[in-house]
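Notes follow once the structure below has been shown.
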Number of protein chains: 2
Amino acid sequence: MPREKPKAPYHHGDLKNTLIDVALAHISRDGAGSVSLREVARDAGVSHSAAYRHFANKENLLVAIAEQGFRQLGETLGAAAQAHAGDPARALQATGVAYVEFATSHPEHLQVMFGGSIACPSDYPSLVAAGDETYAALTRTVAEGSKLGQLRSGDDAMIALTCWATVHGLSQLIAGGQIGREAGDASPRSLALAATALVMQGVNAPAAAAKRSAKVKRRRLKQDVL
Amino acid sequence: MPREKPKAPYHHGDLKNTLIDVALAHISRDGAGSVSLREVARDAGVSHSAAYRHFANKENLLVAIAEQGFRQLGETLGAAAQAHAGDPARALQATGVAYVEFATSHPEHLQVMFGGSIACPSDYPSLVAAGDETYAALTRTVAEGSKLGQLRSGDDAMIALTCWATVHGLSQLIAGGQIGREAGDASPRSLALAATALVMQGVNAPAAAAKRSAKVKRRRLKQDVL
DNA sequence: TGCCAAATGTTACCATTGTCAACATAATTT
DNA sequence: AAATTATGTTGACAATGGTAACATTTGGCA
C-alpha cells in the first residue's frame, strides 16, 4: 500500500528563511554575482515566483542577507568587547580580531555586505542603520579608551576609522584570496592578531611621552611624514 | 546633393579598447554588477556579438579592466615611492596615500579589481601576476626601510600586510560610501594621510627604544595585548 | 594585379533570468 | 460557513549571455 507520502504541503512553512539559507549556500559556492532567484527557489523546492511573496525583488533578498550579516557581526563584536570590559585597549584589539574572524568565517555574508551586489545600499535605511550600529561599537570603545588615557589622544574618530579600515581591509584581502601566497599558512586569527597589535602600537598612548600636550600630538598626527 | 556621409566603416578600428572604455563608463554609472555586454556593444555602436571577437565572454572583459587597473595602480604607487627614494618611511606612507587616492578616483576599476565581479580571479594568471606585482612595490619599500633601521624590525611581511590592509580597507570604505556620515567632509587624501600617519606611528622604529633586541620586539608583536 | 585566408562584424537563434499578471489553495478572521 | 488575506502556481514577456552561420574587409602572397 502506498503509505501516505509526506505530501509536501501547499504552504512551505518558513519559506522566507529557507530562501535566505539556500541563497547563502549558493553564494558561498558560486559567488554573490551569479546567484539566481529561480535557482534558489528551485532548490528550496518551490516555484520560481513564490519568492516574490517574501521579497519584492532579487536585490531585496540580498539586502535581507546583508542585514542578517550586520546583526551577527554586531553581536560578535559586542561580545568581544564585552569580554574585556574595563580595558578599552584590549577590548579594541579583541574587537578587531573578532571582526576578521567573523569576516573570514562568513565570507558569503561579507560579499553581500560589502561586495557591491547591492547597487545602492543607501537606498535601504535599515542597512545603513545596521552598518552604523556596528561601527558605533568600535567608536564607543575608542572613546572609552581615550577617556581613560589608554589611547593616543587627539582624534578619536580617526583612530576608530583607522582600526576599522585595517581589519576591514585585512578581511577583504583574506576573503578575496588576495594574500594566498604571502601568508598562506597563517590563520586569519593570527594575521589579525599581528596586524592589530601593530596598529595598536601606533594607537596606544606612548607611555614615556604621555606628558606631551595633546595639541602637539594632534599636529604631528596630521602633518607628520608627508 | 546628399553629401557622402561618414558612412561608418564596417570595421570599427579599435573596438577592443572602446568596449573597455564604454564598460568603465557603465560601471561607474550603474555598478559592475549590472553591466550588460549587449548594452556596452550597443553604446559602442556595434552589434552585440561583435564583442565576442575580442573577449571570450563577459568576464574576460572585466578581467581586462581589472588588469588595466592593476597596471595603472602599480604605476601610481611606483611613482609615489620613487618620489621619496632613499627615505623608506616617507615612501611607505606616500605609497599608502597614493593607493587611497587612486582607489577613490578610479572607483570603477576598484570595483572590478576587488568587488567580486570576477568569480574566481585565480583562474587568470595575468591577474594574480598584476596583483602580486603591485604588492611587491610595497614589500620592497618595507624591506628597504627595515634594512635602514627606519622600521620596527621583526616581521617585514607583517608590516607590509598591515599597511596594505589599512589603505585597502580605507579605500573600500570610502568607495563604498560606508563612511559618509563619520567623516564626510574630509577628503580621501586627508583621511589617508591621517590613517597612514597613525599606522606609521606603530610601524616606525621607536627612536627611544631602538636598542631593544629585535627578538623581544617580535615576541611583543605577536602576543601583545590579547 | 588578383586570389585566398584571416580578422572582424552581422543576423538568427537558444536557454536562462528577473519580473509581472492571473489563477489556485490554504489559513485566518468575521 | 463565508469572506478575506497569505501564500504558491502557471504562463507570459523582454533582456541577457552565448553560439552558429553568414558577410565584409584587410592583408599577405602568387
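Identifiers in this document derive from the order of the C-alpha cells: chains are assigned A, B, ..., residues are numbered from 1 separately in each chain, and ligands are numbered from 1 in order of occurrence.
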After superposing chain B onto chain A (least squares, all C-alpha atoms, pairing by order), export the transformed chain as a PDB file with C-alpha atoms, in the first residue's frame.
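Generated file (result02.pdb):
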```pdb
ATOM      1  CA  MET B   1      -0.767  -0.137  -0.103  1.00  0.00           C
ATOM      2  CA  PRO B   2       0.885   3.170  -1.081  1.00  0.00           C
ATOM      3  CA  ARG B   3       1.502   4.729   2.257  1.00  0.00           C
ATOM      4  CA  GLU B   4       0.533   8.323   2.599  1.00  0.00           C
ATOM      5  CA  LYS B   5       3.534  10.172   1.256  1.00  0.00           C
ATOM      6  CA  PRO B   6       4.643  13.216   3.220  1.00  0.00           C
ATOM      7  CA  LYS B   7       2.775  15.001   0.436  1.00  0.00           C
ATOM      8  CA  ALA B   8       4.481  18.334   0.504  1.00  0.00           C
ATOM      9  CA  PRO B   9       1.963  20.783   1.839  1.00  0.00           C
ATOM     10  CA  TYR B  10       0.938  23.637  -0.370  1.00  0.00           C
ATOM     11  CA  HIS B  11       2.404  26.072   2.102  1.00  0.00           C
ATOM     12  CA  HIS B  12       6.046  25.764   2.815  1.00  0.00           C
ATOM     13  CA  GLY B  13       6.025  26.929   6.389  1.00  0.00           C
ATOM     14  CA  ASP B  14       9.084  29.132   6.561  1.00  0.00           C
ATOM     15  CA  LEU B  15       9.967  29.941   3.009  1.00  0.00           C
ATOM     16  CA  LYS B  16      11.472  33.317   3.733  1.00  0.00           C
ATOM     17  CA  ASN B  17      14.237  31.964   5.917  1.00  0.00           C
ATOM     18  CA  THR B  18      14.705  28.947   3.722  1.00  0.00           C
ATOM     19  CA  LEU B  19      15.297  31.210   0.743  1.00  0.00           C
ATOM     20  CA  ILE B  20      17.888  33.130   2.696  1.00  0.00           C
ATOM     21  CA  ASP B  21      19.681  29.964   3.720  1.00  0.00           C
ATOM     22  CA  VAL B  22      19.654  28.461   0.251  1.00  0.00           C
ATOM     23  CA  ALA B  23      20.869  31.735  -1.204  1.00  0.00           C
ATOM     24  CA  LEU B  24      23.737  31.803   1.288  1.00  0.00           C
ATOM     25  CA  ALA B  25      24.716  28.309   0.235  1.00  0.00           C
ATOM     26  CA  HIS B  26      24.705  29.316  -3.408  1.00  0.00           C
ATOM     27  CA  ILE B  27      26.711  32.447  -2.722  1.00  0.00           C
ATOM     28  CA  SER B  28      29.349  30.515  -0.890  1.00  0.00           C
ATOM     29  CA  ARG B  29      29.509  28.121  -3.828  1.00  0.00           C
ATOM     30  CA  ASP B  30      29.387  30.454  -6.827  1.00  0.00           C
ATOM     31  CA  GLY B  31      29.761  33.956  -5.509  1.00  0.00           C
ATOM     32  CA  ALA B  32      27.142  36.582  -4.890  1.00  0.00           C
ATOM     33  CA  GLY B  33      27.193  37.731  -8.469  1.00  0.00           C
ATOM     34  CA  SER B  34      25.932  34.525  -9.949  1.00  0.00           C
ATOM     35  CA  VAL B  35      23.103  33.770  -7.583  1.00  0.00           C
ATOM     36  CA  SER B  36      19.815  33.267  -9.394  1.00  0.00           C
ATOM     37  CA  LEU B  37      16.491  33.773  -7.748  1.00  0.00           C
ATOM     38  CA  ARG B  38      14.981  31.012  -9.830  1.00  0.00           C
ATOM     39  CA  GLU B  39      17.645  28.514  -8.893  1.00  0.00           C
ATOM     40  CA  VAL B  40      17.311  29.424  -5.241  1.00  0.00           C
ATOM     41  CA  ALA B  41      13.572  28.889  -5.445  1.00  0.00           C
ATOM     42  CA  ARG B  42      14.088  25.570  -7.203  1.00  0.00           C
ATOM     43  CA  ASP B  43      16.464  24.406  -4.504  1.00  0.00           C
ATOM     44  CA  ALA B  44      13.985  25.487  -1.888  1.00  0.00           C
ATOM     45  CA  GLY B  45      11.495  23.184  -3.561  1.00  0.00           C
ATOM     46  CA  VAL B  46       9.176  25.924  -4.631  1.00  0.00           C
ATOM     47  CA  SER B  47       8.140  27.653  -7.804  1.00  0.00           C
ATOM     48  CA  HIS B  48      10.282  30.553  -8.937  1.00  0.00           C
ATOM     49  CA  SER B  49       7.763  33.240  -8.455  1.00  0.00           C
ATOM     50  CA  ALA B  50       6.917  32.216  -4.920  1.00  0.00           C
ATOM     51  CA  ALA B  51       9.970  34.124  -3.791  1.00  0.00           C
ATOM     52  CA  TYR B  52       8.269  37.337  -4.759  1.00  0.00           C
ATOM     53  CA  ARG B  53       5.756  36.845  -1.959  1.00  0.00           C
ATOM     54  CA  HIS B  54       8.620  37.405   0.481  1.00  0.00           C
ATOM     55  CA  PHE B  55      11.020  39.697  -1.334  1.00  0.00           C
ATOM     56  CA  ALA B  56      10.018  42.441  -3.719  1.00  0.00           C
ATOM     57  CA  ASN B  57      12.943  41.507  -5.933  1.00  0.00           C
ATOM     58  CA  LYS B  58      16.269  39.786  -5.982  1.00  0.00           C
ATOM     59  CA  GLU B  59      18.093  42.707  -4.468  1.00  0.00           C
ATOM     60  CA  ASN B  60      15.791  42.700  -1.472  1.00  0.00           C
ATOM     61  CA  LEU B  61      16.779  39.123  -0.756  1.00  0.00           C
ATOM     62  CA  LEU B  62      20.392  40.230  -0.735  1.00  0.00           C
ATOM     63  CA  VAL B  63      19.530  43.147   1.512  1.00  0.00           C
ATOM     64  CA  ALA B  64      17.969  40.739   3.987  1.00  0.00           C
ATOM     65  CA  ILE B  65      21.142  38.691   3.942  1.00  0.00           C
ATOM     66  CA  ALA B  66      23.300  41.754   4.453  1.00  0.00           C
ATOM     67  CA  GLU B  67      21.173  42.854   7.378  1.00  0.00           C
ATOM     68  CA  GLN B  68      21.489  39.439   8.938  1.00  0.00           C
ATOM     69  CA  GLY B  69      25.226  39.698   8.493  1.00  0.00           C
ATOM     70  CA  PHE B  70      25.423  43.091  10.129  1.00  0.00           C
ATOM     71  CA  ARG B  71      23.350  41.908  13.047  1.00  0.00           C
ATOM     72  CA  GLN B  72      25.527  38.849  13.590  1.00  0.00           C
ATOM     73  CA  LEU B  73      28.694  40.872  13.178  1.00  0.00           C
ATOM     74  CA  GLY B  74      27.420  43.394  15.677  1.00  0.00           C
ATOM     75  CA  GLU B  75      26.729  40.692  18.216  1.00  0.00           C
ATOM     76  CA  THR B  76      30.135  39.136  17.651  1.00  0.00           C
ATOM     77  CA  LEU B  77      31.941  42.434  18.094  1.00  0.00           C
ATOM     78  CA  GLY B  78      29.860  43.327  21.104  1.00  0.00           C
ATOM     79  CA  ALA B  79      30.728  40.059  22.782  1.00  0.00           C
ATOM     80  CA  ALA B  80      34.406  40.521  22.036  1.00  0.00           C
ATOM     81  CA  ALA B  81      34.413  43.988  23.526  1.00  0.00           C
ATOM     82  CA  GLN B  82      32.376  42.830  26.496  1.00  0.00           C
ATOM     83  CA  ALA B  83      34.949  40.157  27.267  1.00  0.00           C
ATOM     84  CA  HIS B  84      37.466  42.879  27.997  1.00  0.00           C
ATOM     85  CA  ALA B  85      35.210  45.419  29.616  1.00  0.00           C
ATOM     86  CA  GLY B  86      37.172  47.954  31.578  1.00  0.00           C
ATOM     87  CA  ASP B  87      40.271  47.591  29.451  1.00  0.00           C
ATOM     88  CA  PRO B  88      39.521  49.523  26.270  1.00  0.00           C
ATOM     89  CA  ALA B  89      42.874  48.903  24.625  1.00  0.00           C
ATOM     90  CA  ARG B  90      42.473  45.171  24.962  1.00  0.00           C
ATOM     91  CA  ALA B  91      38.818  45.444  24.015  1.00  0.00           C
ATOM     92  CA  LEU B  92      39.722  47.386  20.893  1.00  0.00           C
ATOM     93  CA  GLN B  93      42.169  44.811  19.669  1.00  0.00           C
ATOM     94  CA  ALA B  94      39.854  41.959  20.546  1.00  0.00           C
ATOM     95  CA  THR B  95      37.104  43.649  18.579  1.00  0.00           C
ATOM     96  CA  GLY B  96      39.391  43.925  15.588  1.00  0.00           C
ATOM     97  CA  VAL B  97      40.390  40.299  15.751  1.00  0.00           C
ATOM     98  CA  ALA B  98      36.762  39.285  16.094  1.00  0.00           C
ATOM     99  CA  TYR B  99      35.947  41.338  13.012  1.00  0.00           C
ATOM    100  CA  VAL B 100      38.461  39.461  10.922  1.00  0.00           C
ATOM    101  CA  GLU B 101      37.426  36.116  12.310  1.00  0.00           C
ATOM    102  CA  PHE B 102      33.781  36.787  11.567  1.00  0.00           C
ATOM    103  CA  ALA B 103      34.566  38.039   8.100  1.00  0.00           C
ATOM    104  CA  THR B 104      36.709  35.092   7.154  1.00  0.00           C
ATOM    105  CA  SER B 105      34.340  32.519   8.561  1.00  0.00           C
ATOM    106  CA  HIS B 106      31.280  34.109   6.943  1.00  0.00           C
ATOM    107  CA  PRO B 107      32.621  35.129   3.551  1.00  0.00           C
ATOM    108  CA  GLU B 108      29.175  34.803   1.984  1.00  0.00           C
ATOM    109  CA  HIS B 109      27.772  37.427   4.283  1.00  0.00           C
ATOM    110  CA  LEU B 110      30.768  39.660   3.754  1.00  0.00           C
ATOM    111  CA  GLN B 111      30.380  39.479   0.039  1.00  0.00           C
ATOM    112  CA  VAL B 112      26.831  40.701   0.251  1.00  0.00           C
ATOM    113  CA  MET B 113      27.524  43.294   2.927  1.00  0.00           C
ATOM    114  CA  PHE B 114      30.431  44.928   1.132  1.00  0.00           C
ATOM    115  CA  GLY B 115      30.861  43.289  -2.240  1.00  0.00           C
ATOM    116  CA  GLY B 116      28.731  45.675  -4.223  1.00  0.00           C
ATOM    117  CA  SER B 117      26.012  43.161  -5.023  1.00  0.00           C
ATOM    118  CA  ILE B 118      23.615  45.755  -3.662  1.00  0.00           C
ATOM    119  CA  ALA B 119      23.710  48.573  -6.141  1.00  0.00           C
ATOM    120  CA  CYS B 120      22.902  51.444  -3.828  1.00  0.00           C
ATOM    121  CA  PRO B 121      23.014  50.425  -0.167  1.00  0.00           C
ATOM    122  CA  SER B 122      21.992  53.896   0.939  1.00  0.00           C
ATOM    123  CA  ASP B 123      18.576  53.179  -0.537  1.00  0.00           C
ATOM    124  CA  TYR B 124      17.954  50.845   2.395  1.00  0.00           C
ATOM    125  CA  PRO B 125      17.772  52.717   5.685  1.00  0.00           C
ATOM    126  CA  SER B 126      17.725  49.488   7.645  1.00  0.00           C
ATOM    127  CA  LEU B 127      21.055  48.628   6.085  1.00  0.00           C
ATOM    128  CA  VAL B 128      22.797  51.871   6.854  1.00  0.00           C
ATOM    129  CA  ALA B 129      21.393  51.688  10.372  1.00  0.00           C
ATOM    130  CA  ALA B 130      22.792  48.207  10.854  1.00  0.00           C
ATOM    131  CA  GLY B 131      26.160  49.309   9.516  1.00  0.00           C
ATOM    132  CA  ASP B 132      26.221  52.393  11.682  1.00  0.00           C
ATOM    133  CA  GLU B 133      25.396  50.414  14.751  1.00  0.00           C
ATOM    134  CA  THR B 134      28.218  48.014  14.097  1.00  0.00           C
ATOM    135  CA  TYR B 135      30.619  50.872  13.707  1.00  0.00           C
ATOM    136  CA  ALA B 136      29.279  52.518  16.818  1.00  0.00           C
ATOM    137  CA  ALA B 137      30.572  49.653  18.966  1.00  0.00           C
ATOM    138  CA  LEU B 138      34.056  50.469  17.793  1.00  0.00           C
ATOM    139  CA  THR B 139      33.645  54.173  18.348  1.00  0.00           C
ATOM    140  CA  ARG B 140      32.395  53.600  21.865  1.00  0.00           C
ATOM    141  CA  THR B 141      35.374  51.499  22.774  1.00  0.00           C
ATOM    142  CA  VAL B 142      37.739  54.089  21.392  1.00  0.00           C
ATOM    143  CA  ALA B 143      36.016  56.884  23.271  1.00  0.00           C
ATOM    144  CA  GLU B 144      36.227  54.903  26.456  1.00  0.00           C
ATOM    145  CA  GLY B 145      39.896  54.196  25.959  1.00  0.00           C
ATOM    146  CA  SER B 146      40.520  57.794  25.136  1.00  0.00           C
ATOM    147  CA  LYS B 147      38.826  58.922  28.302  1.00  0.00           C
ATOM    148  CA  LEU B 148      40.934  56.549  30.357  1.00  0.00           C
ATOM    149  CA  GLY B 149      44.029  57.926  28.699  1.00  0.00           C
ATOM    150  CA  GLN B 150      44.865  54.533  27.277  1.00  0.00           C
ATOM    151  CA  LEU B 151      44.809  55.751  23.728  1.00  0.00           C
ATOM    152  CA  ARG B 152      46.779  58.366  21.936  1.00  0.00           C
ATOM    153  CA  SER B 153      44.673  61.429  22.378  1.00  0.00           C
ATOM    154  CA  GLY B 154      43.751  63.803  19.628  1.00  0.00           C
ATOM    155  CA  ASP B 155      41.286  62.467  17.187  1.00  0.00           C
ATOM    156  CA  ASP B 156      39.148  59.617  18.411  1.00  0.00           C
ATOM    157  CA  ALA B 157      37.157  59.350  15.216  1.00  0.00           C
ATOM    158  CA  MET B 158      40.326  58.965  13.222  1.00  0.00           C
ATOM    159  CA  ILE B 159      41.586  56.206  15.493  1.00  0.00           C
ATOM    160  CA  ALA B 160      38.337  54.339  15.172  1.00  0.00           C
ATOM    161  CA  LEU B 161      38.325  54.761  11.410  1.00  0.00           C
ATOM    162  CA  THR B 162      41.891  53.544  11.088  1.00  0.00           C
ATOM    163  CA  CYS B 163      41.213  50.468  13.169  1.00  0.00           C
ATOM    164  CA  TRP B 164      38.110  49.735  11.151  1.00  0.00           C
ATOM    165  CA  ALA B 165      39.935  50.216   7.884  1.00  0.00           C
ATOM    166  CA  THR B 166      42.723  47.871   8.895  1.00  0.00           C
ATOM    167  CA  VAL B 167      40.578  44.959   9.964  1.00  0.00           C
ATOM    168  CA  HIS B 168      38.148  45.542   7.158  1.00  0.00           C
ATOM    169  CA  GLY B 169      40.917  45.608   4.590  1.00  0.00           C
ATOM    170  CA  LEU B 170      42.553  42.545   6.047  1.00  0.00           C
ATOM    171  CA  SER B 171      39.245  40.722   5.942  1.00  0.00           C
ATOM    172  CA  GLN B 172      38.646  41.638   2.325  1.00  0.00           C
ATOM    173  CA  LEU B 173      42.108  40.630   1.287  1.00  0.00           C
ATOM    174  CA  ILE B 174      41.884  37.282   3.010  1.00  0.00           C
ATOM    175  CA  ALA B 175      38.371  36.548   1.810  1.00  0.00           C
ATOM    176  CA  GLY B 176      39.278  37.607  -1.700  1.00  0.00           C
ATOM    177  CA  GLY B 177      42.219  35.233  -1.732  1.00  0.00           C
ATOM    178  CA  GLN B 178      44.508  38.183  -2.373  1.00  0.00           C
ATOM    179  CA  ILE B 179      47.051  37.166   0.222  1.00  0.00           C
ATOM    180  CA  GLY B 180      47.390  33.530  -0.554  1.00  0.00           C
ATOM    181  CA  ARG B 181      51.021  33.542  -1.496  1.00  0.00           C
ATOM    182  CA  GLU B 182      52.352  36.031   1.037  1.00  0.00           C
ATOM    183  CA  ALA B 183      51.005  34.546   4.243  1.00  0.00           C
ATOM    184  CA  GLY B 184      49.128  31.520   3.115  1.00  0.00           C
ATOM    185  CA  ASP B 185      50.008  29.362   6.036  1.00  0.00           C
ATOM    186  CA  ALA B 186      49.009  31.818   8.752  1.00  0.00           C
ATOM    187  CA  SER B 187      45.491  31.599  10.115  1.00  0.00           C
ATOM    188  CA  PRO B 188      43.246  34.635   9.749  1.00  0.00           C
ATOM    189  CA  ARG B 189      43.283  34.935  13.507  1.00  0.00           C
ATOM    190  CA  SER B 190      47.043  35.096  13.782  1.00  0.00           C
ATOM    191  CA  LEU B 191      47.213  37.592  10.925  1.00  0.00           C
ATOM    192  CA  ALA B 192      44.601  39.690  12.630  1.00  0.00           C
ATOM    193  CA  LEU B 193      46.450  39.486  15.924  1.00  0.00           C
ATOM    194  CA  ALA B 194      49.687  40.639  14.370  1.00  0.00           C
ATOM    195  CA  ALA B 195      48.128  43.407  12.306  1.00  0.00           C
ATOM    196  CA  THR B 196      46.070  44.791  15.149  1.00  0.00           C
ATOM    197  CA  ALA B 197      49.043  44.606  17.486  1.00  0.00           C
ATOM    198  CA  LEU B 198      50.975  46.708  15.039  1.00  0.00           C
ATOM    199  CA  VAL B 199      48.242  49.282  14.725  1.00  0.00           C
ATOM    200  CA  MET B 200      47.711  49.330  18.468  1.00  0.00           C
ATOM    201  CA  GLN B 201      51.343  50.236  18.833  1.00  0.00           C
ATOM    202  CA  GLY B 202      50.572  53.404  16.948  1.00  0.00           C
ATOM    203  CA  VAL B 203      47.306  53.918  18.724  1.00  0.00           C
ATOM    204  CA  ASN B 204      48.245  53.249  22.301  1.00  0.00           C
ATOM    205  CA  ALA B 205      49.240  56.224  24.339  1.00  0.00           C
ATOM    206  CA  PRO B 206      53.034  56.286  24.345  1.00  0.00           C
ATOM    207  CA  ALA B 207      53.918  55.544  27.943  1.00  0.00           C
ATOM    208  CA  ALA B 208      57.063  57.642  27.966  1.00  0.00           C
ATOM    209  CA  ALA B 209      55.745  60.665  26.126  1.00  0.00           C
ATOM    210  CA  ALA B 210      52.409  60.696  27.899  1.00  0.00           C
ATOM    211  CA  LYS B 211      52.990  64.228  29.047  1.00  0.00           C
ATOM    212  CA  ARG B 212      53.332  65.797  25.637  1.00  0.00           C
ATOM    213  CA  SER B 213      50.360  68.022  25.113  1.00  0.00           C
ATOM    214  CA  ALA B 214      47.493  66.674  23.081  1.00  0.00           C
ATOM    215  CA  LYS B 215      47.714  69.674  20.820  1.00  0.00           C
ATOM    216  CA  VAL B 216      51.195  68.840  19.700  1.00  0.00           C
ATOM    217  CA  LYS B 217      50.265  65.273  19.165  1.00  0.00           C
ATOM    218  CA  ARG B 218      47.331  66.157  17.022  1.00  0.00           C
ATOM    219  CA  ARG B 219      49.461  68.342  14.846  1.00  0.00           C
ATOM    220  CA  ARG B 220      51.983  65.577  14.399  1.00  0.00           C
ATOM    221  CA  LEU B 221      49.279  63.196  13.419  1.00  0.00           C
ATOM    222  CA  LYS B 222      48.078  65.291  10.540  1.00  0.00           C
ATOM    223  CA  GLN B 223      51.228  66.703   9.137  1.00  0.00           C
ATOM    224  CA  ASP B 224      53.699  64.029   9.987  1.00  0.00           C
ATOM    225  CA  VAL B 225      55.950  62.526   7.411  1.00  0.00           C
ATOM    226  CA  LEU B 226      54.391  63.852   4.239  1.00  0.00           C
TER     227      LEU B 226
END
```
Considering only C-alpha atoms (C1' of nucleotides), tabulate each residue of chain C that lies at most 12 Å from chain A along with its nearest interatomic pair and the corresponding distance in Å to one decimal; arrange the rows by chain and ascending residue number and present them as a Markdown table.
```
| residue | atom | partner | partner_atom | distance |
| --- | --- | --- | --- | --- |
| C:DT16 | C1' | A:Arg38 | CA | 9.4 |
| C:DT17 | C1' | A:Ser36 | CA | 7.4 |
| C:DG18 | C1' | A:Lys58 | CA | 7.8 |
| C:DT19 | C1' | A:Asn57 | CA | 8.0 |
| C:DC20 | C1' | A:Ser49 | CA | 9.6 |
| C:DA21 | C1' | A:Ser49 | CA | 11.5 |
| C:DA24 | C1' | A:Tyr10 | CA | 10.4 |
| C:DT25 | C1' | A:Tyr10 | CA | 7.3 |
| C:DA26 | C1' | A:His11 | CA | 7.2 |
| C:DA27 | C1' | A:His11 | CA | 9.6 |
```
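Interface residues on chain D toward chain A (cut-off 7 Å, only C-alpha atoms (C1' of nucleotides)): DT7, DG8 and DT9 of chain D.
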Smallest atom-to-atom distance to DT19 of chain D: which of C:DT1, C:DA22, C:DT30, C:DA15, using only C-alpha atoms (C1' of nucleotides)? C:DA15
Which of segment 134-204 of chain B counts as alpha helix (DSSP H) under DSSP, as an mmCIF file with C-alpha atoms, in the first residue's frame please?
```
data_model
loop_
_atom_site.group_PDB
_atom_site.id
_atom_site.type_symbol
_atom_site.label_atom_id
_atom_site.label_comp_id
_atom_site.auth_asym_id
_atom_site.auth_seq_id
_atom_site.Cartn_x
_atom_site.Cartn_y
_atom_site.Cartn_z
ATOM 1 C CA THR B 134 51.531 45.793 -7.157
ATOM 2 C CA TYR B 135 52.005 44.313 -3.741
ATOM 3 C CA ALA B 136 55.670 43.758 -4.409
ATOM 4 C CA ALA B 137 56.268 47.512 -4.598
ATOM 5 C CA LEU B 138 55.055 47.791 -1.044
ATOM 6 C CA THR B 139 57.116 44.873 0.152
ATOM 7 C CA ARG B 140 60.235 46.316 -1.414
ATOM 8 C CA THR B 141 59.789 49.623 0.313
ATOM 9 C CA VAL B 142 59.262 47.922 3.635
ATOM 10 C CA ALA B 143 62.334 45.759 3.186
ATOM 11 C CA GLU B 144 64.377 48.797 2.346
ATOM 12 C CA GLY B 145 63.132 50.667 5.372
ATOM 13 C CA SER B 146 63.761 47.675 7.532
ATOM 14 C CA LYS B 147 67.314 47.414 6.318
ATOM 15 C CA ASP B 156 58.616 42.780 7.453
ATOM 16 C CA ALA B 157 55.898 40.816 5.720
ATOM 17 C CA MET B 158 53.500 41.585 8.518
ATOM 18 C CA ILE B 159 54.258 45.293 8.338
ATOM 19 C CA ALA B 160 53.662 45.322 4.624
ATOM 20 C CA LEU B 161 50.436 43.377 5.002
ATOM 21 C CA THR B 162 49.155 45.690 7.707
ATOM 22 C CA CYS B 163 49.883 48.774 5.655
ATOM 23 C CA TRP B 164 48.193 47.229 2.655
ATOM 24 C CA ALA B 165 45.183 46.204 4.686
ATOM 25 C CA THR B 166 44.758 49.672 6.129
ATOM 26 C CA VAL B 167 44.840 51.589 2.883
ATOM 27 C CA HIS B 168 42.880 48.925 1.100
ATOM 28 C CA GLY B 169 40.202 48.921 3.765
ATOM 29 C CA LEU B 170 40.048 52.683 3.835
ATOM 30 C CA SER B 171 39.673 52.744 0.077
ATOM 31 C CA GLN B 172 36.861 50.221 0.132
ATOM 32 C CA LEU B 173 35.033 52.019 2.871
ATOM 33 C CA ILE B 174 35.263 55.357 1.130
ATOM 34 C CA ALA B 175 34.369 53.991 -2.283
ATOM 35 C CA GLY B 180 29.755 59.133 4.666
ATOM 36 C CA ARG B 181 28.404 60.219 7.994
ATOM 37 C CA GLU B 182 31.517 59.838 10.126
ATOM 38 C CA ALA B 183 33.998 61.843 8.096
ATOM 39 C CA PRO B 188 40.087 60.916 0.844
ATOM 40 C CA ARG B 189 43.599 62.288 0.800
ATOM 41 C CA SER B 190 43.390 63.825 4.241
ATOM 42 C CA LEU B 191 41.797 60.668 5.628
ATOM 43 C CA ALA B 192 44.552 58.627 4.087
ATOM 44 C CA LEU B 193 47.188 60.954 5.482
ATOM 45 C CA ALA B 194 45.802 60.698 8.980
ATOM 46 C CA ALA B 195 45.276 56.946 8.884
ATOM 47 C CA THR B 196 48.692 56.192 7.471
ATOM 48 C CA ALA B 197 50.315 58.560 9.940
ATOM 49 C CA LEU B 198 48.688 56.622 12.721
ATOM 50 C CA VAL B 199 49.829 53.288 11.387
ATOM 51 C CA MET B 200 53.303 54.622 10.723
ATOM 52 C CA GLN B 201 53.496 55.544 14.365
ATOM 53 C CA GLY B 202 53.186 51.872 15.141
ATOM 54 C CA VAL B 203 55.452 50.867 12.324
#
```
Leaving out DC29 of chain D and any residue of its chain fewer than 2 positions from it, which residues lie within 10 Å of it when counting only C-alpha atoms (C1' of nucleotides), given as a PDB file with C-alpha atoms (C1' of nucleotides), in the first residue's frame?
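Dumped everything to selection-v4.pdb:
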```
ATOM      1  C1'  DC C   3      43.076  35.488 -55.084  1.00  0.00           C
ATOM      2  C1'  DC C   4      42.734  33.386 -50.647  1.00  0.00           C
TER       3       DC C   4
ATOM      4  C1'  DG D  27      46.438  41.844 -45.791  1.00  0.00           C
TER       5       DG D  27
END
```
